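Each remark here refers to the structure printed beneath this line.
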Amino acid sequence: MYKNGRIRYYSSKFVIFCLGICFVFYITLYKNVFSFDKSYFLDISVGERSARQQPPRRKLILLFTPFFGAKWRDHSTLGPSSTYFLEGRQTLKDCEVSSCAVTYNKEKIMEADAVGFHARDMPSILPAKRTSKQIWFYFVLENPLNVFINDEGYANVFNWTMSYSRNSEIYTPYGKYILSSKIPNNGFDSFDLATKDKKVAWLVSNCYATERREYVEELKEYIDISVYGLCGN
């Protein structure tokens with residue numbers, strides 16, 4: 001009996017000692033691993049550079065199609081806007097947004113974050129591959145009546161539109177009006193418009209736009225309109 005009691009006594013001491021060791025080990029591990037400073041991960045080295053020093057990834061914009069047969073940067077139709085389509089980062093050198101770059105290299109389509117297509121230069125076959133996060137935008141300057149597209153073939157293809165319409169994701173107007181603080185003096189004498197016998201002139205050569213032609217015909221019921229151009233009278 002005495003021998004068994006001593007065995008139980010020393011066994012309990014040994015268990016308490018082991019629990020104490022485990023407790024100290026746990027506290028030490030917690031302080032060194034779970035209570036690390038946030039900079040521990042920020043200073044992890046990647047090659048010769050620190051992860052903290054890695055610059056943000058630039059967004060790449062691929063202009064996939066031509067613009068009326070030419071590169072977007074070269075076509076005169078875009079006027080001053082053509083400076084927005086220079087390759088690389090030149091486009092954004094004077095812009096607050098500096099994390100984007102432009103390319104015309106179709107081989108980089110899987111690297112691109114956004115891909116642009118011009119309505120009049122659409123390819124017969126669209127690229128077969130695209131990333132899940134890639135934005136495809138459809139650029140059109142013309143009125144929809146003047147753009148003939150395959151609506152069914154392009155269903156659910158494009159994410160954004162780029163046009164003169166204000167509800168486009170990328171609003172691209174032909175120009176803009178700025179209200180002047182001063183009335184310009186063009187050297188013309190003032191005259192009374194009420195004395196004129198011809199009050200409205202319309203210059204038009206596209207005779208196939210039915211909606212606007214019908215609108216003018218309806219307007220003629222209330223006011224005389226002089227029509228000039230190929231569709232003139």
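Each chain in the structure tokens gets a letter, A, B, ..., in the order shown, and its residues are numbered from 1; ligands are numbered from 1 in order too.
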Near Ile149 of chain A, counting only C-alpha atoms, which residues have an atom at most 12 Å away, once you skip same-chain residues fewer than 5 positions from it, shown as a count of residues only?
12
Please identify the strand (DSSP E or B) residues within segment 88-150 of chain A (assignment by DSSP from backbone atoms) and present them as a PyMOL selection string.
chain A and resi 88+100-103+114-118+135-139
For the residues in the current selection, export N, CA and C atoms as a PDB file, in the first residue's frame.
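Generated output (part.pdb):
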ATOM      1  N   GLY A  88       1.967  52.825 -74.631  1.00  0.00           N
ATOM      2  CA  GLY A  88       2.678  52.924 -73.359  1.00  0.00           C
ATOM      3  C   GLY A  88       1.985  53.876 -72.406  1.00  0.00           C
ATOM      4  N   CYS A 100      -2.002  53.208 -65.818  1.00  0.00           N
ATOM      5  CA  CYS A 100      -2.489  52.518 -67.009  1.00  0.00           C
ATOM      6  C   CYS A 100      -1.508  52.674 -68.165  1.00  0.00           C
ATOM      7  N   ALA A 101      -1.591  51.755 -69.107  1.00  0.00           N
ATOM      8  CA  ALA A 101      -0.763  51.813 -70.309  1.00  0.00           C
ATOM      9  C   ALA A 101      -1.596  51.336 -71.490  1.00  0.00           C
ATOM     10  N   VAL A 102      -1.266  51.832 -72.684  1.00  0.00           N
ATOM     11  CA  VAL A 102      -1.993  51.495 -73.914  1.00  0.00           C
ATOM     12  C   VAL A 102      -1.104  50.656 -74.815  1.00  0.00           C
ATOM     13  N   THR A 103      -1.698  49.652 -75.473  1.00  0.00           N
ATOM     14  CA  THR A 103      -0.948  48.831 -76.422  1.00  0.00           C
ATOM     15  C   THR A 103      -1.824  48.493 -77.622  1.00  0.00           C
ATOM     16  N   ALA A 114      -8.442  45.717 -70.238  1.00  0.00           N
ATOM     17  CA  ALA A 114      -9.546  46.222 -71.058  1.00  0.00           C
ATOM     18  C   ALA A 114      -9.166  46.101 -72.529  1.00  0.00           C
ATOM     19  N   VAL A 115     -10.144  45.745 -73.361  1.00  0.00           N
ATOM     20  CA  VAL A 115      -9.908  45.563 -74.798  1.00  0.00           C
ATOM     21  C   VAL A 115     -10.933  46.399 -75.560  1.00  0.00           C
ATOM     22  N   GLY A 116     -10.429  47.271 -76.467  1.00  0.00           N
ATOM     23  CA  GLY A 116     -11.309  48.168 -77.202  1.00  0.00           C
ATOM     24  C   GLY A 116     -11.552  47.728 -78.634  1.00  0.00           C
ATOM     25  N   PHE A 117     -12.804  47.850 -79.097  1.00  0.00           N
ATOM     26  CA  PHE A 117     -13.200  47.494 -80.461  1.00  0.00           C
ATOM     27  C   PHE A 117     -13.951  48.676 -81.073  1.00  0.00           C
ATOM     28  N   HIS A 118     -13.581  49.046 -82.309  1.00  0.00           N
ATOM     29  CA  HIS A 118     -14.291  50.115 -83.009  1.00  0.00           C
ATOM     30  C   HIS A 118     -15.366  49.517 -83.899  1.00  0.00           C
ATOM     31  N   ILE A 135     -12.426  43.623 -69.340  1.00  0.00           N
ATOM     32  CA  ILE A 135     -13.495  44.497 -69.820  1.00  0.00           C
ATOM     33  C   ILE A 135     -13.346  44.692 -71.328  1.00  0.00           C
ATOM     34  N   TRP A 136     -14.385  44.347 -72.085  1.00  0.00           N
ATOM     35  CA  TRP A 136     -14.414  44.620 -73.524  1.00  0.00           C
ATOM     36  C   TRP A 136     -15.343  45.811 -73.735  1.00  0.00           C
ATOM     37  N   PHE A 137     -14.833  46.863 -74.420  1.00  0.00           N
ATOM     38  CA  PHE A 137     -15.681  48.022 -74.663  1.00  0.00           C
ATOM     39  C   PHE A 137     -15.841  48.272 -76.162  1.00  0.00           C
ATOM     40  N   TYR A 138     -17.033  48.716 -76.532  1.00  0.00           N
ATOM     41  CA  TYR A 138     -17.437  48.914 -77.928  1.00  0.00           C
ATOM     42  C   TYR A 138     -17.478  50.410 -78.206  1.00  0.00           C
ATOM     43  N   PHE A 139     -16.619  50.877 -79.115  1.00  0.00           N
ATOM     44  CA  PHE A 139     -16.470  52.301 -79.401  1.00  0.00           C
ATOM     45  C   PHE A 139     -17.186  52.656 -80.696  1.00  0.00           C
TER      46      PHE A 139
END
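The space between atom CA of Ala201 of chain A and atom CA of Asp224 of chain A spans 8.8 Å.
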Give me, as a PyMOL selection string, the residues of segment 125-203 of chain A that a backbone DSSP run labels helix (DSSP H, G or I).
chain A and resi 144-146+193-195
Residues of the last selection are to be written out with C-alpha atoms, as a PDB file, in the first residue's frame.
ATOM      1  CA  PRO A 144     -26.734  53.830 -84.402  1.00  0.00           C
ATOM      2  CA  LEU A 145     -28.632  54.280 -87.688  1.00  0.00           C
ATOM      3  CA  ASN A 146     -25.307  54.567 -89.491  1.00  0.00           C
ATOM      4  CA  LEU A 193     -34.814  88.257 -87.717  1.00  0.00           C
ATOM      5  CA  ALA A 194     -38.534  88.864 -88.076  1.00  0.00           C
ATOM      6  CA  THR A 195     -37.906  90.558 -91.432  1.00  0.00           C
TER       7      THR A 195
END
Would you write out, as JSON lines, a table of all residues in segment 123-231 of chain A that have an atom no more than 8 Å from an atom of segment 109-113 of chain A, listing for each the closest atom pair and the distance in Å to one decimal, considering only C-alpha atoms and ordering rows by chain and rising residue number?
{"residue": "A:Lys129", "atom": "CA", "partner": "A:Met110", "partner_atom": "CA", "distance": 7.4}
{"residue": "A:Arg130", "atom": "CA", "partner": "A:Met110", "partner_atom": "CA", "distance": 6.1}
{"residue": "A:Thr131", "atom": "CA", "partner": "A:Met110", "partner_atom": "CA", "distance": 6.4}
{"residue": "A:Lys133", "atom": "CA", "partner": "A:Asp113", "partner_atom": "CA", "distance": 7.2}
{"residue": "A:Gln134", "atom": "CA", "partner": "A:Asp113", "partner_atom": "CA", "distance": 5.0}
{"residue": "A:Ile135", "atom": "CA", "partner": "A:Asp113", "partner_atom": "CA", "distance": 6.2}
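Of note, atom CA of Lys199 of chain A and atom CA of Tyr174 of chain A are spaced 26.4 Å apart.
Atom CA of Lys198 of chain A lies 24.5 Å from atom CA of Pro184 of chain A.
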